[in-house]
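Visitor: File run_23.cif follows (mmCIF, C-alpha atoms):
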data_my_file
loop_
_atom_site.group_PDB
_atom_site.id
_atom_site.type_symbol
_atom_site.label_atom_id
_atom_site.label_comp_id
_atom_site.auth_asym_id
_atom_site.auth_seq_id
_atom_site.Cartn_x
_atom_site.Cartn_y
_atom_site.Cartn_z
ATOM 1 C CA MET A 1 9.649 -10.762 35.096
ATOM 2 C CA ALA A 2 9.064 -7.626 33.060
ATOM 3 C CA THR A 3 7.250 -4.942 35.063
ATOM 4 C CA GLU A 4 4.952 -4.031 32.166
ATOM 5 C CA THR A 5 3.061 -6.358 29.863
ATOM 6 C CA GLN A 6 4.913 -6.595 26.577
ATOM 7 C CA PRO A 7 2.754 -6.441 23.427
ATOM 8 C CA ILE A 8 1.570 -9.705 21.932
ATOM 9 C CA GLU A 9 3.595 -9.015 18.777
ATOM 10 C CA THR A 10 6.740 -9.677 20.850
ATOM 11 C CA SER A 11 5.444 -13.055 22.070
ATOM 12 C CA ALA A 12 6.570 -16.605 21.284
ATOM 13 C CA LEU A 13 5.034 -19.893 22.353
ATOM 14 C CA LEU A 14 7.179 -22.520 24.079
ATOM 15 C CA VAL A 15 5.921 -26.107 23.903
ATOM 16 C CA ILE A 16 7.975 -27.967 26.509
ATOM 17 C CA ASP A 17 8.527 -31.738 26.644
ATOM 18 C CA VAL A 18 5.244 -32.930 25.119
ATOM 19 C CA GLN A 19 7.001 -36.119 24.122
ATOM 20 C CA GLU A 20 6.258 -39.831 24.059
ATOM 21 C CA SER A 21 8.566 -40.362 27.048
ATOM 22 C CA PHE A 22 5.683 -39.519 29.381
ATOM 23 C CA ARG A 23 3.306 -42.022 27.787
ATOM 24 C CA ALA A 24 5.728 -44.948 28.122
ATOM 25 C CA ASP A 25 4.371 -45.757 31.604
ATOM 26 C CA GLU A 26 0.699 -46.243 30.767
ATOM 27 C CA ALA A 27 -0.411 -46.506 34.402
ATOM 28 C CA ARG A 28 1.233 -43.200 35.288
ATOM 29 C CA TRP A 29 -0.128 -41.513 32.162
ATOM 30 C CA ALA A 30 -3.622 -42.607 33.180
ATOM 31 C CA ARG A 31 -3.237 -40.666 36.459
ATOM 32 C CA ARG A 32 -2.324 -37.384 34.753
ATOM 33 C CA GLY A 33 -4.207 -34.201 35.483
ATOM 34 C CA ASN A 34 -5.856 -31.777 33.045
ATOM 35 C CA PRO A 35 -7.897 -33.921 30.627
ATOM 36 C CA GLY A 36 -8.319 -30.841 28.416
ATOM 37 C CA PHE A 37 -4.575 -30.501 27.860
ATOM 38 C CA GLU A 38 -4.412 -31.651 24.235
ATOM 39 C CA GLY A 39 -7.291 -29.470 23.069
ATOM 40 C CA ASN A 40 -6.045 -26.398 24.930
ATOM 41 C CA LEU A 41 -2.511 -26.739 23.618
ATOM 42 C CA THR A 42 -3.666 -27.339 20.044
ATOM 43 C CA ARG A 43 -5.872 -24.243 20.170
ATOM 44 C CA LEU A 44 -2.973 -22.118 21.396
ATOM 45 C CA ILE A 45 -0.550 -23.443 18.780
ATOM 46 C CA ASP A 46 -3.105 -22.659 16.062
ATOM 47 C CA ALA A 47 -3.593 -19.133 17.432
ATOM 48 C CA TYR A 48 0.157 -18.409 17.426
ATOM 49 C CA ARG A 49 0.506 -19.712 13.893
ATOM 50 C CA GLN A 50 -2.428 -17.677 12.604
ATOM 51 C CA ALA A 51 -0.893 -14.562 14.173
ATOM 52 C CA GLU A 52 2.461 -15.476 12.572
ATOM 53 C CA ARG A 53 4.214 -15.565 15.939
ATOM 54 C CA PRO A 54 6.966 -18.123 16.694
ATOM 55 C CA VAL A 55 6.265 -21.586 18.062
ATOM 56 C CA ILE A 56 9.350 -23.186 19.612
ATOM 57 C CA TRP A 57 9.441 -26.844 20.611
ATOM 58 C CA VAL A 58 11.597 -28.333 23.356
ATOM 59 C CA VAL A 59 12.207 -31.972 24.314
ATOM 60 C CA HIS A 60 14.042 -33.293 27.350
ATOM 61 C CA GLU A 61 16.936 -35.744 27.359
ATOM 62 C CA ASP A 62 18.579 -37.423 30.362
ATOM 63 C CA ALA A 63 19.821 -40.798 31.583
ATOM 64 C CA ASP A 64 16.362 -42.242 32.259
ATOM 65 C CA GLU A 65 15.392 -45.068 29.916
ATOM 66 C CA HIS A 66 12.652 -43.190 28.064
ATOM 67 C CA PHE A 67 14.576 -39.900 27.816
ATOM 68 C CA LEU A 68 17.874 -41.149 26.374
ATOM 69 C CA PRO A 69 19.341 -39.151 23.477
ATOM 70 C CA GLY A 70 18.288 -40.791 20.228
ATOM 71 C CA SER A 71 15.411 -42.667 21.852
ATOM 72 C CA PRO A 72 12.210 -42.966 19.788
ATOM 73 C CA TYR A 73 10.396 -41.790 22.932
ATOM 74 C CA LEU A 74 11.746 -38.282 22.319
ATOM 75 C CA ALA A 75 9.212 -37.964 19.490
ATOM 76 C CA LEU A 76 6.442 -35.429 19.977
ATOM 77 C CA GLN A 77 3.120 -36.917 21.032
ATOM 78 C CA PRO A 78 1.001 -37.837 17.997
ATOM 79 C CA PHE A 79 -1.648 -35.128 18.428
ATOM 80 C CA LEU A 80 1.056 -32.550 17.663
ATOM 81 C CA HIS A 81 2.335 -31.555 14.219
ATOM 82 C CA ARG A 82 5.476 -29.433 14.199
ATOM 83 C CA ARG A 83 6.069 -27.360 11.096
ATOM 84 C CA GLN A 84 9.462 -27.655 9.444
ATOM 85 C CA ASP A 85 10.277 -23.986 10.090
ATOM 86 C CA GLU A 86 9.528 -24.295 13.837
ATOM 87 C CA PRO A 87 12.689 -24.967 15.891
ATOM 88 C CA LEU A 88 13.028 -28.155 17.947
ATOM 89 C CA LEU A 89 15.497 -27.811 20.826
ATOM 90 C CA HIS A 90 16.927 -30.654 22.918
ATOM 91 C CA LYS A 91 17.584 -29.738 26.556
ATOM 92 C CA ARG A 92 19.402 -31.571 29.339
ATOM 93 C CA THR A 93 18.347 -29.302 32.199
ATOM 94 C CA ARG A 94 14.938 -28.781 33.776
ATOM 95 C CA ASN A 95 14.672 -25.268 32.365
ATOM 96 C CA ALA A 96 14.696 -24.678 28.621
ATOM 97 C CA PHE A 97 17.411 -21.984 28.668
ATOM 98 C CA THR A 98 20.558 -23.300 30.351
ATOM 99 C CA SER A 99 21.382 -26.197 28.021
ATOM 100 C CA THR A 100 20.052 -24.740 24.739
ATOM 101 C CA ASP A 101 20.433 -21.632 22.601
ATOM 102 C CA LEU A 102 16.860 -20.563 23.357
ATOM 103 C CA ALA A 103 17.814 -17.094 24.631
ATOM 104 C CA GLU A 104 19.805 -16.379 21.470
ATOM 105 C CA ARG A 105 16.940 -17.541 19.272
ATOM 106 C CA LEU A 106 14.442 -15.364 21.149
ATOM 107 C CA ALA A 107 16.736 -12.342 20.888
ATOM 108 C CA ALA A 108 17.122 -12.865 17.132
ATOM 109 C CA LEU A 109 13.321 -12.929 16.805
ATOM 110 C CA GLY A 110 12.814 -9.817 18.957
ATOM 111 C CA VAL A 111 10.855 -11.837 21.529
ATOM 112 C CA ARG A 112 10.349 -10.234 24.960
ATOM 113 C CA ARG A 113 7.239 -12.153 26.009
ATOM 114 C CA ILE A 114 6.861 -15.924 26.174
ATOM 115 C CA ALA A 115 3.914 -18.235 26.754
ATOM 116 C CA ILE A 116 4.859 -21.450 28.547
ATOM 117 C CA THR A 117 3.037 -24.736 27.947
ATOM 118 C CA GLY A 118 3.847 -28.438 28.238
ATOM 119 C CA ILE A 119 4.812 -31.193 30.669
ATOM 120 C CA GLN A 120 5.326 -31.186 33.660
ATOM 121 C CA THR A 121 3.613 -28.182 35.225
ATOM 122 C CA GLU A 122 5.743 -27.949 38.382
ATOM 123 C CA GLN A 123 8.998 -29.186 36.916
ATOM 124 C CA CYS A 124 10.275 -28.137 33.487
ATOM 125 C CA CYS A 125 7.450 -25.657 32.831
ATOM 126 C CA GLU A 126 7.711 -23.902 36.190
ATOM 127 C CA THR A 127 11.520 -23.951 36.159
ATOM 128 C CA THR A 128 11.560 -22.392 32.701
ATOM 129 C CA ALA A 129 9.125 -19.708 33.882
ATOM 130 C CA ARG A 130 11.329 -18.838 36.863
ATOM 131 C CA VAL A 131 14.470 -18.550 34.755
ATOM 132 C CA ALA A 132 12.634 -16.555 32.089
ATOM 133 C CA GLY A 133 11.286 -14.183 34.730
ATOM 134 C CA ASP A 134 14.773 -13.657 36.139
ATOM 135 C CA LEU A 135 16.062 -12.978 32.615
ATOM 136 C CA GLY A 136 13.502 -10.186 32.215
ATOM 137 C CA TYR A 137 10.980 -11.853 29.924
ATOM 138 C CA ASP A 138 7.298 -11.127 30.342
ATOM 139 C CA VAL A 139 5.964 -14.632 31.051
ATOM 140 C CA ASP A 140 2.477 -16.001 30.386
ATOM 141 C CA PHE A 141 2.179 -19.318 32.233
ATOM 142 C CA VAL A 142 -0.704 -21.128 30.552
ATOM 143 C CA THR A 143 -1.707 -23.672 33.186
ATOM 144 C CA GLU A 144 -4.590 -24.909 31.027
ATOM 145 C CA ALA A 145 -1.989 -26.043 28.477
ATOM 146 C CA THR A 146 0.279 -27.830 30.974
ATOM 147 C CA LEU A 147 -0.166 -31.111 32.781
ATOM 148 C CA THR A 148 1.401 -33.065 35.596
ATOM 149 C CA PHE A 149 0.978 -36.214 37.672
ATOM 150 C CA PRO A 150 0.334 -37.047 41.346
ATOM 151 C CA ILE A 151 3.473 -37.188 43.490
ATOM 152 C CA THR A 152 3.958 -39.771 46.247
ATOM 153 C CA ASP A 153 6.154 -38.962 49.248
ATOM 154 C CA PRO A 154 8.455 -42.016 49.551
ATOM 155 C CA ALA A 155 8.896 -41.441 53.286
ATOM 156 C CA THR A 156 5.210 -41.317 54.237
ATOM 157 C CA GLY A 157 3.312 -42.659 51.243
ATOM 158 C CA ASP A 158 1.232 -39.472 51.163
ATOM 159 C CA VAL A 159 0.017 -38.551 47.689
ATOM 160 C CA GLN A 160 -0.214 -35.009 46.385
ATOM 161 C CA PRO A 161 -2.898 -34.920 43.653
ATOM 162 C CA ALA A 162 -2.067 -33.384 40.289
ATOM 163 C CA ASP A 163 -4.637 -30.603 40.724
ATOM 164 C CA ALA A 164 -3.100 -29.556 44.058
ATOM 165 C CA ILE A 165 0.368 -29.460 42.498
ATOM 166 C CA THR A 166 -0.955 -27.266 39.699
ATOM 167 C CA ARG A 167 -2.582 -24.836 42.161
ATOM 168 C CA ALA A 168 0.617 -24.611 44.202
ATOM 169 C CA THR A 169 2.589 -23.846 41.047
ATOM 170 C CA GLU A 170 0.224 -21.017 40.169
ATOM 171 C CA PHE A 171 0.483 -19.592 43.693
ATOM 172 C CA SER A 172 4.291 -19.587 43.607
ATOM 173 C CA LEU A 173 4.600 -18.065 40.117
ATOM 174 C CA ARG A 174 1.796 -15.498 40.047
ATOM 175 C CA GLY A 175 2.997 -11.909 40.310
ATOM 176 C CA ARG A 176 6.600 -12.968 40.895
ATOM 177 C CA PHE A 177 7.832 -14.854 37.853
ATOM 178 C CA ALA A 178 4.789 -15.017 35.614
ATOM 179 C CA ARG A 179 1.226 -14.059 34.876
ATOM 180 C CA ILE A 180 -1.233 -16.983 34.959
ATOM 181 C CA ALA A 181 -2.818 -16.725 31.526
ATOM 182 C CA SER A 182 -5.798 -18.488 30.005
ATOM 183 C CA VAL A 183 -5.900 -19.975 26.547
ATOM 184 C CA SER A 184 -8.927 -17.819 25.696
ATOM 185 C CA ALA A 185 -7.272 -14.548 26.745
ATOM 186 C CA LEU A 186 -4.098 -15.231 24.778
ATOM 187 C CA ALA A 187 -6.058 -16.429 21.755
ATOM 188 C CA ALA A 188 -8.093 -13.208 21.820
ATOM 189 C CA GLU A 189 -4.910 -11.105 21.848
ATOM 190 C CA LEU A 190 -3.474 -13.140 19.006
ATOM 191 C CA GLU A 191 -6.677 -12.881 16.969
ATOM 192 C CA THR A 192 -6.437 -9.085 17.158
ATOM 193 C CA LEU A 193 -2.844 -9.253 15.920
ATOM 194 C CA ALA A 194 -3.797 -11.654 13.123
ATOM 195 C CA ALA A 195 -6.631 -9.345 12.032
ATOM 196 C CA CYS A 196 -4.268 -6.339 11.889
ATOM 197 C CA SER A 197 -1.795 -8.219 9.697
ATOM 198 C CA ALA A 198 -4.459 -9.647 7.349
#
Could you take the file, read its structure, and then write that structure out as structure tokens?
Guide:
Amino acid sequence: MATETQPIETSALLVIDVQESFRADEARWARRGNPGFEGNLTRLIDAYRQAERPVIWVVHEDADEHFLPGSPYLALQPFLHRRQDEPLLHKRTRNAFTSTDLAERLAALGVRRIAITGIQTEQCCETTARVAGDLGYDVDFVTEATLTFPITDPATGDVQPADAITRATEFSLRGRFARIASVSALAAELETLAACSA
């Protein structure tokens, strides 16, 4: 992670795996955490667009039924509306860098700071944050705009609630790989940038 906070004008927003794949299992989707996810993510996307900063979309593909390449489940969830000029990357690894040209795209845009949002908090979002931190990006991990699900230990049957998983992710990332950022704080930074460019 960068040692100094990079200016907001070098920031891009990553929207990771907010795809229909996760809604295919309705019972699991009903157990998700963060009921404010959709509103928080929409607000952040709007703020990045108004500040004319990049929004980059990522979807995940693998051998699971609802993640197969070409599957209709790879579609973005219906509350989202990607603009034609906003890239959509298909990844096959948990992090958004290794199996895509994300790093090259960010370099071409002059991006040194990234805000991470999406599904799942402790999997693809956290893994992307760790890799980004190691690559030297200044990382804003926007927990309010991520979500995850309870995890059951198959050996014991113990269940880790979604909120506990989210807290653990924040503890492991904070000050090491990322800054835990709020939607409001980032939106305020972006509003200042938008006002300067108006």
Visitor: May I have the residues at most 10 Å from (-6.1, -29.9, 39.5) in the file's coordinates, counting only C-alpha atoms, as a PyMOL selection string?
Guide: chain A and resi 32-35+143-144+147-150+161-168
Visitor: With only C-alpha atoms as the atoms that count, which of A:Gln160, A:Thr169, A:Thr121, A:Gln50 lies nearest to Cys196 in chain A?
Guide: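 Smallest separation from Cys196 in chain A among the options: A:Gln50.
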Visitor: Do you have the CA of Tyr137 in chain A-CA of Arg179 in chain A distance handy?
Guide: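 Rounded to one decimal, the two atoms are 11.2 Å apart.
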Visitor: Which residues are close to range 185-193 of chain A, i.e. within 10 Å by all atoms listed in the file, leaving aside same-chain residues fewer than 5 positions away? Reply as an MDAnalysis selection string.
Guide: chainID A and resid 7:9 11 43:53 115 140 142 198
Visitor: Looking at only C-alpha atoms, which of A:Ala27, A:Glu38, A:Arg112, A:Asp101 is the one that sits closest to Pro54 in chain A?
Guide: A:Arg112
Visitor: Please compute the CA of Thr5 in chain A-CA of Asp138 in chain A distance, one decimal, in Å.
Guide: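 Going from CA of Thr5 in chain A over to CA of Asp138 in chain A covers 6.4 Å.
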Visitor: Could you check the closest approach to Ala129 in chain A for each of A:Arg83, A:Arg176, A:Arg105, A:Lys91 and tell me which residue wins, using only C-alpha atoms?
Guide: A:Arg176
Visitor: Could you spell out the hits of the PyMOL selection byres ((chain A and resi 128) around 12) on the shown file, as a ChimeraX atom specification?
Guide: /A:14-17,58,91,93-100,102-103,114-127,129-135,137,139-141,173,177-178
Visitor: Name the residues that the PyMOL selection byres ((chain A and resi 62) around 12) pulls out of this structure, and write them as a list in words.
Guide: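 For this structure, the PyMOL selection byres ((chain A and resi 62) around 12) resolves to Ser21, Val59, His60, Glu61, Ala63, Asp64, Glu65, His66, Phe67, Leu68, Pro69, Gly70, Ser71, Tyr73, Leu74, His90, Lys91, Arg92, Thr93, Arg94 and Ser99 of chain A.
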Visitor: One decimal, in Å: what's the spacing between CA of Glu20 in chain A and CA of Ile56 in chain A?
Guide: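 Taking CA of Glu20 in chain A and CA of Ile56 in chain A, their separation equals 17.5 Å.
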Visitor: Could you check which of A:Arg28, A:Gln19, A:Val55, A:Asp85 is closest to Val111 in chain A, using only C-alpha atoms?
Guide: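 Answer, going by the shortest atom-to-atom distance: A:Val55.
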Visitor: Of the residues A:Ser184, A:Arg31, A:Arg174, A:Gln77, which is the one nearest to Val159 in chain A, using all atoms listed in the file?
Guide: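 Going through A:Ser184, A:Arg31, A:Arg174, A:Gln77 one by one, the smallest distance to Val159 in chain A is for A:Arg31.
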Visitor: Between A:Thr42, A:Leu13, A:Ala181, A:Pro154, which has the minimum distance to Pro87 in chain A (counting all atoms listed in the file)?
Guide: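 So, comparing all the options, the nearest one is A:Leu13.
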